[in-house]
Number of protein chains: 2
Amino acid sequence: MSRRDTREVLLMGPGPSNCDPRVLRAMSEPTLGHLDPGFLAIMTETMDLLRSVFQTSNQLTLAMSGTGSAGMETSVVNMLEPGDRAIVCVHGVFGERLADAAARCGAEVTVVEAPRGEPVDPSKVRETLDRVKGAKLLGIVHAETSTGVLQPMADIVEMCKAHGMLVLVDAVTSLGGVPVDVDRSGFDFVFSGTQKCLSCPPGLSPITLNENALKVLNSRKTGVRSWYLDLTMIQRYWGHERFYHHTAPVNMIYALHEALSIIEEEGVKERFKRHAANSAALAAGLEAMGLKLLVASGYRLPSLTTVIIPEGIDDVPVRKRLLADYSIEIGGGLGALKGKIWRVGLMGHTSRRRNVILFLSALGTILRSMGFKADTAAALAAAGEIGS
Amino acid sequence: MSRRDTREVLLMGPGPSNCDPRVLRAMSEPTLGHLDPGFLAIMTETMDLLRSVFQTSNQLTLAMSGTGSAGMETSVVNMLEPGDRAIVCVHGVFGERLADAAARCGAEVTVVEAPRGEPVDPSKVRETLDRVKGAKLLGIVHAETSTGVLQPMADIVEMCKAHGMLVLVDAVTSLGGVPVDVDRSGFDFVFSGTQKCLSCPPGLSPITLNENALKVLNSRKTGVRSWYLDLTMIQRYWGHERFYHHTAPVNMIYALHEALSIIEEEGVKERFKRHAANSAALAAGLEAMGLKLLVASGYRLPSLTTVIIPEGIDDVPVRKRLLADYSIEIGGGLGALKGKIWRVGLMGHTSRRRNVILFLSALGTILRSMGFKADTAAALAAAGEIGS
């Protein structure tokens with residue numbers, strides 16, 4: 001059997017991001033039993049640390065034993081019952097998935113669409129809320145990883161509250177890099193992933209739900225369709241009872257605990273500032289180089305920047321050379337945007353001034369060699385004045 | 001934030017087992033992107049290594065991104081549709097769960113029960129197969145972690161084949177410690193977990209399915225109810241297309257790759273022999289000490305031994321002292337067996353002669369101090385002649 005080729009790559013794609021070496025070391029600490037008192041104490045601390053990054057006091061705040069997509073499924077499978085009505089805002093691939101997952105729960109799903117690269121228009125949401133009577137919840141992606149759009153939420157949340165609907169939020173690519181601010185934002189159910197702005201390897205999905213969501217959970221008329229993701233049981237394992245449900249991914253929880261401790265040391269506000277500054281530097285650099293961004297200023301996601309691939313340049317050869325010659329990974333487009341954009345992540349530990357400069361230099365060099373007149377000097381000058 | 005209290009504990013409970021330090025080191029290698037060519041090569045090798053430990057040539061052999069319970073749900077949610085009939089053999093808690101999970105898929109589930117501590121009687125299965133017409137599959141636990149029973153499978157598989165039914169097998173506590181021998185046994189869908197006899201941290205669920213199961217999957221009339229566990233999509237990510245589904249738990253896959261490489265180096269047959277020898281030593285030692293085992297000789301699971309707690313001895317204080325004074329974890333009983341048995345695991349890396357001797361010595365000392373006349377000398381003599 002050959003050895004694993006696990007060289008160090010600068011992970012500037014749509015996630016996973018690079019982990020702090022402390023997180024990798026934490027993951028390799030000896031495995032404890034899932035009911036060991038020492039491990040239960042780590043679970044409790046992890047819940048506290050998650051509350052702090054979610055900016056919530058929700059008691060039921062924990063990490064599901066699966067990736068972000070498992071968190072997505074957890075939200076709909078626990079909140080929806082067959083025949084329920086749900087409205088899902090779709091401004092990219094992850095909104096499409098949420099609508100798909102909600103429909104699999106037997107719900108009648110109405111979709112509110114936005115062009116890819118733009119946020120969902122609150123007036124279209126209002127119109128749909130007025131038309132579709134008795135919808136139980138609205139699902140929406142806060143940070144659309146397929147387009148790089150940060151969705152403004154306040155108006156939409158207000159409308160949902162006026163209609164007595166739950167607000168269910170995909171914060172996979174925002175949590176830890178962009179304020180999610182669960183309690184003040186009025187989000188009822190939020191799910192995320194560990195491998196984006198938390199800079200922990202993929203494998204866990206932090207979730208949080210408030211009293212409104214708990215009431216919906218505890219007054220279901222039918223059982224939760226999933227055994228593995230059934231929060232009526234899982235809350236008894238993470239809660240005071242410590243009632244065995246499944247064997248928690250012990251070492252992954254160590255990693256998350258360490259990643260969240262690092263966030264606590266930095267402070268969430270400092271961390272948000274850092275993400276904002278470095279993505280502004282990257283955007284300024286890319287534009288000074290002569291490239292165009294997909295998303296209009298004001299809606300850009302600080303953790304993920306989407307660049308339009310210039311005319312005459314092919315997607316894959318550029319990404320292959322970035323990886324082969326510079327050990328830098330960036331992402332291609334998904335769905336309708338395949339071959340049309342690059343997705344450049346600056347998430348968590350990866351969001352550093354040195355990475356912005358390195359990436360701009362490497363991209364400029366490659367593009368020039370392919371005939372695109374990238375102004376690398378201008379890019380570096382523009383970026384250098386902003387990053388942190 | 002306090003440091004994690006991750007001291008080294010000898011994990012002789014029902015899982016997780018101890019990991020070889022090589023596995024823990026593998027997990028802390030740098031995270032690669034989930035579509036990085038280096039990582040895709042690791043996925044491909046992991047599939048090959050899994051085939052070898054499952055003893056199968058099934059193309060669709062992979063690790064689901066969740067714990068063993070996720071593998072259980074994967075099996076039923078992909079194989080069953082609403083209205084299907086399923087027969088589930090229940091001889092412990094994990095059979096109960098399988099029946100529960102199958103019912104959540106909308107299937108009509110008929111249960112064949114066995115007393116806890118005994119295997120399911122093939123004649124009762126025959127009777128049920130004759131009575132319940134048109135059942136699509138039979139689900140059965142090969143290694144019942146709640147009782148320590150190893151279920152004989154040949155007769156039951158033969159009956160199912162005669163009825164044209166799929167055989168779906170829970171091999172969570174057998175894979176890597178006891179022959180599962182998927183192809184020769186005629187199992188159609190098998191799921192397992194990483195934290196038992198594979199000695200990898202919890203978090204992944206190896207599964208394998210043959211052509212019969214694939215045919216059922218690909219001819220479904222309704223969509224798979226779970227988005228996260230939908231094998232019609234997941235097979236495209238693990239297969240040649242490498243079509244993105246979700247972000248694989250990259251570092252967990254490194255750990256599994258290393259754990260499976262260790263198994264390949266040892267050889268599966270040598271590994272099965274080692275498990276058999278050490279559990280025989282443990283059983284001989286416990287009986288020589290004056291204790292009784294729950295399961296009759298012939299049906300004992302080599303990876304997990306269940307001991308009846310003697311009259312006058314309380315469950316919890318003994319386990320607390322084992323953990324506090326000797327850093328040894330064993331498990332208590334589940335469900336109806338709570339307080340009545342101890343579950344002592346010798347799985348994977350933990351299945352070593354030195355651990356048998358250490359555990360017998362510690363247990364003997366504790367029991368004597370509580371008034372039970374444990375004959376530790378006899379136990380050590382009996383065990384010492386067998387272990388490997």
# chains A, B, ... in the order shown; residues from 1 in each chain; ligands from 1

call {"tool": "interface_residues", "arguments": {"of": "chain B", "to": "chain A", "cutoff": "7 Å", "atoms": "only C-alpha atoms", "output": "PyMOL selection string"}}
result
chain B and resi 1+4-9+11+16+18+24-25+27-33+38+42+65-67+69-70+73+101+104-105+201-203+225-228+246-251+261

call {"tool": "calpha_fit_and_write", "arguments": {"fixed": "chain A", "moving": "chain B", "output": "CSV table (one decimal) with C-alpha atoms, in the first residue's frame"}}
result
chain,number,residue,atom,x,y,z
B,1,MET,CA,0.0,0.0,0.0
B,2,SER,CA,1.5,3.4,-1.0
B,3,ARG,CA,1.8,6.2,1.5
B,4,ARG,CA,-0.8,8.9,1.5
B,5,ASP,CA,0.3,12.0,-0.5
B,6,THR,CA,-0.8,14.5,2.1
B,7,ARG,CA,1.4,17.4,1.2
B,8,GLU,CA,0.6,20.9,2.5
B,9,VAL,CA,-1.7,22.7,0.2
B,10,LEU,CA,-2.9,26.3,0.7
B,11,LEU,CA,-6.7,25.7,0.7
B,12,MET,CA,-8.2,28.8,-0.9
B,13,GLY,CA,-11.2,27.0,-2.4
B,14,PRO,CA,-14.8,26.9,-1.1
B,15,GLY,CA,-13.7,24.7,1.9
B,16,PRO,CA,-12.1,22.9,3.5
B,17,SER,CA,-9.8,25.7,4.7
B,18,ASN,CA,-6.4,25.1,6.3
B,19,CYS,CA,-6.4,24.1,10.0
B,20,ASP,CA,-4.2,25.7,12.6
B,21,PRO,CA,-1.6,23.0,13.5
B,22,ARG,CA,-3.1,23.1,17.1
B,23,VAL,CA,-6.3,21.7,15.7
B,24,LEU,CA,-4.6,18.9,13.9
B,25,ARG,CA,-2.7,18.0,17.0
B,26,ALA,CA,-5.9,18.1,19.1
B,27,MET,CA,-7.4,15.5,16.8
B,28,SER,CA,-4.6,13.1,17.4
B,29,GLU,CA,-5.1,13.0,21.2
B,30,PRO,CA,-6.0,9.6,22.6
B,31,THR,CA,-9.6,8.5,21.9
B,32,LEU,CA,-11.8,8.5,25.0
B,33,GLY,CA,-15.0,6.6,25.4
B,34,HIS,CA,-18.1,8.5,24.3
B,35,LEU,CA,-19.5,8.4,27.8
B,36,ASP,CA,-16.2,9.0,29.6
B,37,PRO,CA,-16.6,11.9,32.1
B,38,GLY,CA,-13.6,13.6,30.6
B,39,PHE,CA,-15.2,13.5,27.1
B,40,LEU,CA,-18.6,14.6,28.4
B,41,ALA,CA,-16.8,17.7,29.9
B,42,ILE,CA,-15.3,18.4,26.5
B,43,MET,CA,-18.8,18.1,24.9
B,44,THR,CA,-20.2,20.6,27.4
B,45,GLU,CA,-17.4,23.1,26.8
B,46,THR,CA,-17.9,22.6,23.0
B,47,MET,CA,-21.5,23.6,23.4
B,48,ASP,CA,-20.5,26.7,25.3
B,49,LEU,CA,-17.9,27.7,22.7
B,50,LEU,CA,-20.4,27.1,19.9
B,51,ARG,CA,-22.9,29.4,21.6
B,52,SER,CA,-20.3,32.0,21.7
B,53,VAL,CA,-19.5,31.8,17.9
B,54,PHE,CA,-23.2,31.5,17.0
B,55,GLN,CA,-23.8,34.5,19.3
B,56,THR,CA,-26.7,32.7,21.0
B,57,SER,CA,-27.9,31.6,24.3
B,58,ASN,CA,-29.9,28.7,22.8
B,59,GLN,CA,-29.5,25.7,25.1
B,60,LEU,CA,-29.7,23.2,22.2
B,61,THR,CA,-26.5,24.1,20.4
B,62,LEU,CA,-24.4,21.1,19.5
B,63,ALA,CA,-22.4,19.5,16.7
B,64,MET,CA,-24.2,16.8,14.6
B,65,SER,CA,-22.1,13.8,13.7
B,66,GLY,CA,-21.9,14.5,9.9
B,67,THR,CA,-20.8,17.2,7.6
B,68,GLY,CA,-22.7,20.5,6.9
B,69,SER,CA,-25.1,18.6,4.6
B,70,ALA,CA,-26.1,16.4,7.5
B,71,GLY,CA,-26.9,19.6,9.4
B,72,MET,CA,-29.0,20.8,6.5
B,73,GLU,CA,-30.9,17.5,6.6
B,74,THR,CA,-31.2,17.7,10.4
B,75,SER,CA,-32.9,21.1,10.1
B,76,VAL,CA,-35.6,20.0,7.6
B,77,VAL,CA,-36.2,16.5,8.8
B,78,ASN,CA,-36.8,17.7,12.4
B,79,MET,CA,-38.9,20.8,11.5
B,80,LEU,CA,-41.0,19.5,8.7
B,81,GLU,CA,-43.7,16.8,8.5
B,82,PRO,CA,-45.4,15.4,5.4
B,83,GLY,CA,-47.9,17.9,4.1
B,84,ASP,CA,-46.3,21.0,5.7
B,85,ARG,CA,-45.7,24.0,3.5
B,86,ALA,CA,-42.2,25.4,3.3
B,87,ILE,CA,-40.7,28.3,1.4
B,88,VAL,CA,-37.1,28.1,0.3
B,89,CYS,CA,-35.1,31.0,-1.1
B,90,VAL,CA,-32.8,29.8,-3.9
B,91,HIS,CA,-29.9,31.9,-5.1
B,92,GLY,CA,-27.4,29.1,-5.7
B,93,VAL,CA,-26.7,25.4,-5.5
B,94,PHE,CA,-27.0,25.2,-1.7
B,95,GLY,CA,-30.5,26.8,-1.8
B,96,GLU,CA,-31.4,24.2,-4.4
B,97,ARG,CA,-30.3,21.4,-2.1
B,98,LEU,CA,-32.2,22.8,0.8
B,99,ALA,CA,-35.4,22.8,-1.3
B,100,ASP,CA,-34.6,19.3,-2.4
B,101,ALA,CA,-34.0,18.1,1.1
B,102,ALA,CA,-37.2,19.8,2.4
B,103,ALA,CA,-39.3,18.1,-0.4
B,104,ARG,CA,-37.9,14.7,0.6
B,105,CYS,CA,-39.5,15.3,4.0
B,106,GLY,CA,-42.9,15.3,2.3
B,107,ALA,CA,-43.3,19.0,2.5
B,108,GLU,CA,-44.9,21.2,-0.2
B,109,VAL,CA,-42.0,23.4,-1.2
B,110,THR,CA,-42.4,26.8,-2.9
B,111,VAL,CA,-39.2,28.3,-4.2
B,112,VAL,CA,-38.2,32.0,-4.4
B,113,GLU,CA,-35.5,32.3,-7.0
B,114,ALA,CA,-32.7,34.9,-7.5
B,115,PRO,CA,-30.3,35.1,-10.4
B,116,ARG,CA,-27.0,33.4,-9.5
B,117,GLY,CA,-24.7,36.0,-8.1
B,118,GLU,CA,-27.4,38.1,-6.6
B,119,PRO,CA,-29.2,37.9,-3.3
B,120,VAL,CA,-32.9,37.1,-3.0
B,121,ASP,CA,-35.1,40.1,-3.3
B,122,PRO,CA,-37.2,40.7,-0.2
B,123,SER,CA,-40.1,42.0,-2.3
B,124,LYS,CA,-40.3,38.6,-4.0
B,125,VAL,CA,-40.3,36.9,-0.7
B,126,ARG,CA,-43.1,39.2,0.5
B,127,GLU,CA,-45.2,38.4,-2.6
B,128,THR,CA,-44.7,34.6,-2.0
B,129,LEU,CA,-45.5,34.9,1.7
B,130,ASP,CA,-48.8,36.6,0.8
B,131,ARG,CA,-49.6,34.0,-1.8
B,132,VAL,CA,-48.7,30.8,0.0
B,133,LYS,CA,-50.9,30.5,3.0
B,134,GLY,CA,-49.9,28.7,6.2
B,135,ALA,CA,-46.3,28.0,5.4
B,136,LYS,CA,-44.5,26.7,8.4
B,137,LEU,CA,-41.0,27.8,7.7
B,138,LEU,CA,-38.7,29.7,5.4
B,139,GLY,CA,-35.3,28.3,4.5
B,140,ILE,CA,-32.6,30.5,3.3
B,141,VAL,CA,-28.8,30.4,2.7
B,142,HIS,CA,-27.0,33.1,4.5
B,143,ALA,CA,-23.7,32.6,2.7
B,144,GLU,CA,-24.2,31.0,-0.7
B,145,THR,CA,-20.9,29.1,-1.3
B,146,SER,CA,-21.7,28.5,-5.0
B,147,THR,CA,-22.0,32.2,-5.8
B,148,GLY,CA,-20.2,34.2,-3.1
B,149,VAL,CA,-23.3,36.2,-2.1
B,150,LEU,CA,-23.9,37.2,1.5
B,151,GLN,CA,-27.7,37.4,1.8
B,152,PRO,CA,-29.1,40.4,3.7
B,153,MET,CA,-31.5,38.9,6.2
B,154,ALA,CA,-33.2,41.5,8.3
B,155,ASP,CA,-36.2,42.3,6.0
B,156,ILE,CA,-36.9,38.7,5.3
B,157,VAL,CA,-36.8,37.6,8.9
B,158,GLU,CA,-39.2,40.4,9.9
B,159,MET,CA,-41.7,39.3,7.3
B,160,CYS,CA,-41.4,35.7,8.5
B,161,LYS,CA,-42.0,36.7,12.1
B,162,ALA,CA,-45.1,38.6,11.0
B,163,HIS,CA,-46.4,35.4,9.4
B,164,GLY,CA,-45.5,33.3,12.4
B,165,MET,CA,-43.0,31.3,10.4
B,166,LEU,CA,-39.8,29.7,11.5
B,167,VAL,CA,-36.6,31.0,9.9
B,168,LEU,CA,-34.1,28.2,9.0
B,169,VAL,CA,-30.7,29.4,8.0
B,170,ASP,CA,-27.7,27.8,6.2
B,171,ALA,CA,-24.7,29.4,7.8
B,172,VAL,CA,-22.2,26.9,6.5
B,173,THR,CA,-19.8,29.4,5.0
B,174,SER,CA,-20.5,32.3,7.3
B,175,LEU,CA,-20.2,30.9,10.9
B,176,GLY,CA,-16.9,32.1,12.4
B,177,GLY,CA,-16.0,34.5,9.5
B,178,VAL,CA,-19.1,36.7,9.2
B,179,PRO,CA,-21.5,37.7,12.0
B,180,VAL,CA,-24.4,35.2,12.2
B,181,ASP,CA,-25.7,36.7,15.5
B,182,VAL,CA,-28.4,34.1,15.9
B,183,ASP,CA,-30.4,35.7,18.7
B,184,ARG,CA,-30.4,39.3,17.6
B,185,SER,CA,-31.0,38.2,14.0
B,186,GLY,CA,-34.1,36.2,15.0
B,187,PHE,CA,-33.0,33.0,13.4
B,188,ASP,CA,-34.9,29.9,14.7
B,189,PHE,CA,-32.7,27.1,13.4
B,190,VAL,CA,-29.2,27.5,12.1
B,191,PHE,CA,-26.8,24.9,10.7
B,192,SER,CA,-23.2,25.2,9.7
B,193,GLY,CA,-20.1,23.1,8.9
B,194,THR,CA,-16.7,22.9,10.6
B,195,GLN,CA,-14.4,23.1,7.5
B,196,LYS,CA,-15.1,26.7,6.5
B,197,CYS,CA,-14.5,29.7,8.7
B,198,LEU,CA,-14.1,27.5,11.9
B,199,SER,CA,-10.9,26.0,10.3
B,200,CYS,CA,-11.5,22.5,11.6
B,201,PRO,CA,-11.5,19.4,9.3
B,202,PRO,CA,-14.8,18.5,7.7
B,203,GLY,CA,-17.0,16.0,9.5
B,204,LEU,CA,-19.2,17.8,12.0
B,205,SER,CA,-22.1,20.1,11.6
B,206,PRO,CA,-22.8,22.7,14.4
B,207,ILE,CA,-26.5,23.5,14.8
B,208,THR,CA,-28.5,25.7,17.1
B,209,LEU,CA,-32.2,26.0,17.6
B,210,ASN,CA,-34.3,28.3,19.8
B,211,GLU,CA,-37.5,27.8,21.8
B,212,ASN,CA,-39.7,28.3,18.7
B,213,ALA,CA,-37.9,25.5,16.9
B,214,LEU,CA,-38.0,23.3,20.0
B,215,LYS,CA,-41.7,23.8,20.3
B,216,VAL,CA,-42.2,22.7,16.7
B,217,LEU,CA,-39.9,19.7,17.4
B,218,ASN,CA,-41.7,18.7,20.5
B,219,SER,CA,-45.2,19.0,19.1
B,220,ARG,CA,-44.7,17.0,16.0
B,221,LYS,CA,-47.7,14.8,15.0
B,222,THR,CA,-45.5,12.2,13.2
B,223,GLY,CA,-42.1,10.8,14.2
B,224,VAL,CA,-38.9,12.2,12.8
B,225,ARG,CA,-38.2,10.2,9.6
B,226,SER,CA,-34.5,9.9,10.3
B,227,TRP,CA,-33.2,7.8,13.2
B,228,TYR,CA,-29.6,9.1,12.9
B,229,LEU,CA,-30.6,12.8,12.9
B,230,ASP,CA,-33.6,12.7,15.2
B,231,LEU,CA,-33.1,15.6,17.6
B,232,THR,CA,-35.7,14.3,20.1
B,233,MET,CA,-33.1,11.6,20.9
B,234,ILE,CA,-29.9,13.5,20.2
B,235,GLN,CA,-30.8,16.2,22.7
B,236,ARG,CA,-30.9,13.6,25.4
B,237,TYR,CA,-27.2,12.6,24.7
B,238,TRP,CA,-25.9,16.2,24.5
B,239,GLY,CA,-28.2,17.2,27.4
B,240,HIS,CA,-28.0,16.5,31.1
B,241,GLU,CA,-29.3,12.9,30.8
B,242,ARG,CA,-26.3,11.8,28.7
B,243,PHE,CA,-28.5,9.1,27.3
B,244,TYR,CA,-26.6,7.1,24.7
B,245,HIS,CA,-27.8,7.6,21.1
B,246,HIS,CA,-24.8,6.9,18.9
B,247,THR,CA,-21.0,7.0,19.4
B,248,ALA,CA,-19.9,10.6,19.0
B,249,PRO,CA,-17.0,11.2,16.6
B,250,VAL,CA,-14.7,11.7,19.6
B,251,ASN,CA,-11.5,12.9,18.0
B,252,MET,CA,-13.4,15.2,15.6
B,253,ILE,CA,-15.0,16.8,18.7
B,254,TYR,CA,-11.5,17.4,20.1
B,255,ALA,CA,-10.6,19.2,16.9
B,256,LEU,CA,-13.7,21.3,17.0
B,257,HIS,CA,-13.1,22.1,20.7
B,258,GLU,CA,-9.6,23.4,19.8
B,259,ALA,CA,-10.7,25.3,16.8
B,260,LEU,CA,-13.4,27.1,18.8
B,261,SER,CA,-10.9,27.8,21.6
B,262,ILE,CA,-8.7,29.5,19.0
B,263,ILE,CA,-11.7,31.6,18.0
B,264,GLU,CA,-12.4,32.5,21.6
B,265,GLU,CA,-8.7,33.6,22.0
B,266,GLU,CA,-8.9,35.8,18.9
B,267,GLY,CA,-12.3,37.1,19.7
B,268,VAL,CA,-15.2,36.9,17.2
B,269,LYS,CA,-15.3,40.6,16.5
B,270,GLU,CA,-11.6,40.7,15.7
B,271,ARG,CA,-12.1,37.6,13.5
B,272,PHE,CA,-14.9,39.2,11.6
B,273,LYS,CA,-12.7,42.3,11.0
B,274,ARG,CA,-9.8,40.1,9.8
B,275,HIS,CA,-12.1,38.3,7.3
B,276,ALA,CA,-13.5,41.6,6.0
B,277,ALA,CA,-10.1,43.2,5.6
B,278,ASN,CA,-8.5,40.3,3.8
B,279,SER,CA,-11.4,39.8,1.4
B,280,ALA,CA,-11.4,43.5,0.7
B,281,ALA,CA,-7.7,43.3,-0.1
B,282,LEU,CA,-8.3,40.3,-2.4
B,283,ALA,CA,-11.2,42.0,-4.2
B,284,ALA,CA,-9.2,45.2,-4.7
B,285,GLY,CA,-6.2,43.2,-5.9
B,286,LEU,CA,-8.3,41.2,-8.4
B,287,GLU,CA,-10.0,44.3,-9.8
B,288,ALA,CA,-6.7,46.1,-10.1
B,289,MET,CA,-5.3,43.1,-12.0
B,290,GLY,CA,-8.0,43.6,-14.6
B,291,LEU,CA,-10.5,40.9,-13.5
B,292,LYS,CA,-14.2,41.3,-12.7
B,293,LEU,CA,-16.0,39.9,-9.7
B,294,LEU,CA,-19.4,38.1,-10.0
B,295,VAL,CA,-21.0,39.8,-7.0
B,296,ALA,CA,-21.8,43.5,-6.7
B,297,SER,CA,-20.1,45.4,-3.9
B,298,GLY,CA,-22.3,45.3,-0.8
B,299,TYR,CA,-23.3,41.7,-1.3
B,300,ARG,CA,-19.9,40.1,-1.3
B,301,LEU,CA,-19.2,37.3,1.1
B,302,PRO,CA,-16.0,38.0,3.1
B,303,SER,CA,-15.1,34.3,3.3
B,304,LEU,CA,-15.5,33.5,-0.4
B,305,THR,CA,-14.8,35.7,-3.5
B,306,THR,CA,-16.1,34.8,-6.9
B,307,VAL,CA,-14.1,35.9,-10.0
B,308,ILE,CA,-15.4,35.9,-13.5
B,309,ILE,CA,-13.0,33.9,-15.7
B,310,PRO,CA,-11.8,36.3,-18.4
B,311,GLU,CA,-12.5,35.8,-22.1
B,312,GLY,CA,-10.0,33.5,-23.7
B,313,ILE,CA,-8.9,31.8,-20.5
B,314,ASP,CA,-9.9,28.2,-19.6
B,315,ASP,CA,-10.9,27.3,-16.1
B,316,VAL,CA,-9.2,24.0,-15.5
B,317,PRO,CA,-5.7,24.7,-16.8
B,318,VAL,CA,-5.4,27.7,-14.5
B,319,ARG,CA,-6.5,25.7,-11.4
B,320,LYS,CA,-4.3,22.8,-12.3
B,321,ARG,CA,-1.2,25.1,-12.5
B,322,LEU,CA,-2.1,26.9,-9.3
B,323,LEU,CA,-2.1,23.5,-7.6
B,324,ALA,CA,0.8,21.9,-9.4
B,325,ASP,CA,3.2,24.9,-9.4
B,326,TYR,CA,2.2,26.8,-6.2
B,327,SER,CA,0.3,24.2,-4.1
B,328,ILE,CA,-2.7,26.5,-4.0
B,329,GLU,CA,-6.2,25.1,-4.3
B,330,ILE,CA,-9.1,27.3,-5.5
B,331,GLY,CA,-12.6,26.2,-6.6
B,332,GLY,CA,-14.3,26.2,-9.9
B,333,GLY,CA,-18.0,27.1,-10.5
B,334,LEU,CA,-20.9,24.8,-9.6
B,335,GLY,CA,-24.0,24.1,-11.7
B,336,ALA,CA,-24.8,26.9,-14.1
B,337,LEU,CA,-21.6,28.7,-13.2
B,338,LYS,CA,-19.3,25.8,-14.0
B,339,GLY,CA,-16.4,27.1,-16.2
B,340,LYS,CA,-17.5,30.7,-15.8
B,341,ILE,CA,-16.2,31.6,-12.3
B,342,TRP,CA,-13.4,30.8,-9.9
B,343,ARG,CA,-14.3,30.6,-6.2
B,344,VAL,CA,-11.5,31.9,-3.9
B,345,GLY,CA,-11.9,31.3,-0.2
B,346,LEU,CA,-10.3,33.2,2.6
B,347,MET,CA,-11.7,31.3,5.6
B,348,GLY,CA,-10.6,31.1,9.2
B,349,HIS,CA,-6.9,30.2,9.5
B,350,THR,CA,-6.5,30.7,5.7
B,351,SER,CA,-7.7,34.4,5.8
B,352,ARG,CA,-4.2,36.0,6.1
B,353,ARG,CA,-2.6,38.9,4.3
B,354,ARG,CA,0.3,36.6,3.2
B,355,ASN,CA,-2.1,34.3,1.4
B,356,VAL,CA,-3.8,37.2,-0.4
B,357,ILE,CA,-0.4,38.4,-1.8
B,358,LEU,CA,0.8,34.9,-2.7
B,359,PHE,CA,-2.4,34.1,-4.5
B,360,LEU,CA,-2.5,37.3,-6.5
B,361,SER,CA,1.2,36.9,-7.5
B,362,ALA,CA,0.7,33.3,-8.6
B,363,LEU,CA,-2.6,34.0,-10.5
B,364,GLY,CA,-1.1,37.0,-12.2
B,365,THR,CA,1.9,35.0,-13.3
B,366,ILE,CA,-0.2,32.2,-14.7
B,367,LEU,CA,-2.7,34.5,-16.5
B,368,ARG,CA,0.1,36.4,-18.1
B,369,SER,CA,1.7,33.2,-19.4
B,370,MET,CA,-1.7,32.4,-21.0
B,371,GLY,CA,-2.0,35.7,-22.8
B,372,PHE,CA,-4.2,37.7,-20.3
B,373,LYS,CA,-2.5,41.0,-19.5
B,374,ALA,CA,-2.8,40.7,-15.7
B,375,ASP,CA,-1.4,43.8,-14.0
B,376,THR,CA,0.2,42.0,-11.0
B,377,ALA,CA,2.0,45.1,-9.8
B,378,ALA,CA,-1.2,47.0,-9.6
B,379,ALA,CA,-2.9,44.1,-7.9
B,380,LEU,CA,-0.3,43.9,-5.2
B,381,ALA,CA,-0.3,47.6,-4.6
B,382,ALA,CA,-4.1,47.7,-4.3
B,383,ALA,CA,-4.2,44.7,-2.0
B,384,GLY,CA,-1.2,45.6,0.1
B,385,GLU,CA,-2.8,48.7,1.4
B,386,ILE,CA,-5.8,46.9,2.9
B,387,GLY,CA,-5.1,43.3,4.2
B,388,SER,CA,-4.5,42.4,7.8

call {"tool": "select_by_dssp", "arguments": {"residues": "segment 17-227 of chain B", "states": "strand (DSSP E or B)", "output": "PyMOL selection string"}}
result
chain B and resi 60-64+85-90+108-113+137-141+143-144+149-150+166-170+175+178+189-191+205-209

call {"tool": "select_by_dssp", "arguments": {"residues": "segment 123-265 of chain B", "states": "helix (DSSP H, G or I)", "output": "PyMOL selection string"}}
result
chain B and resi 123-131+154-162+182-185+211-218+231-238+250-265
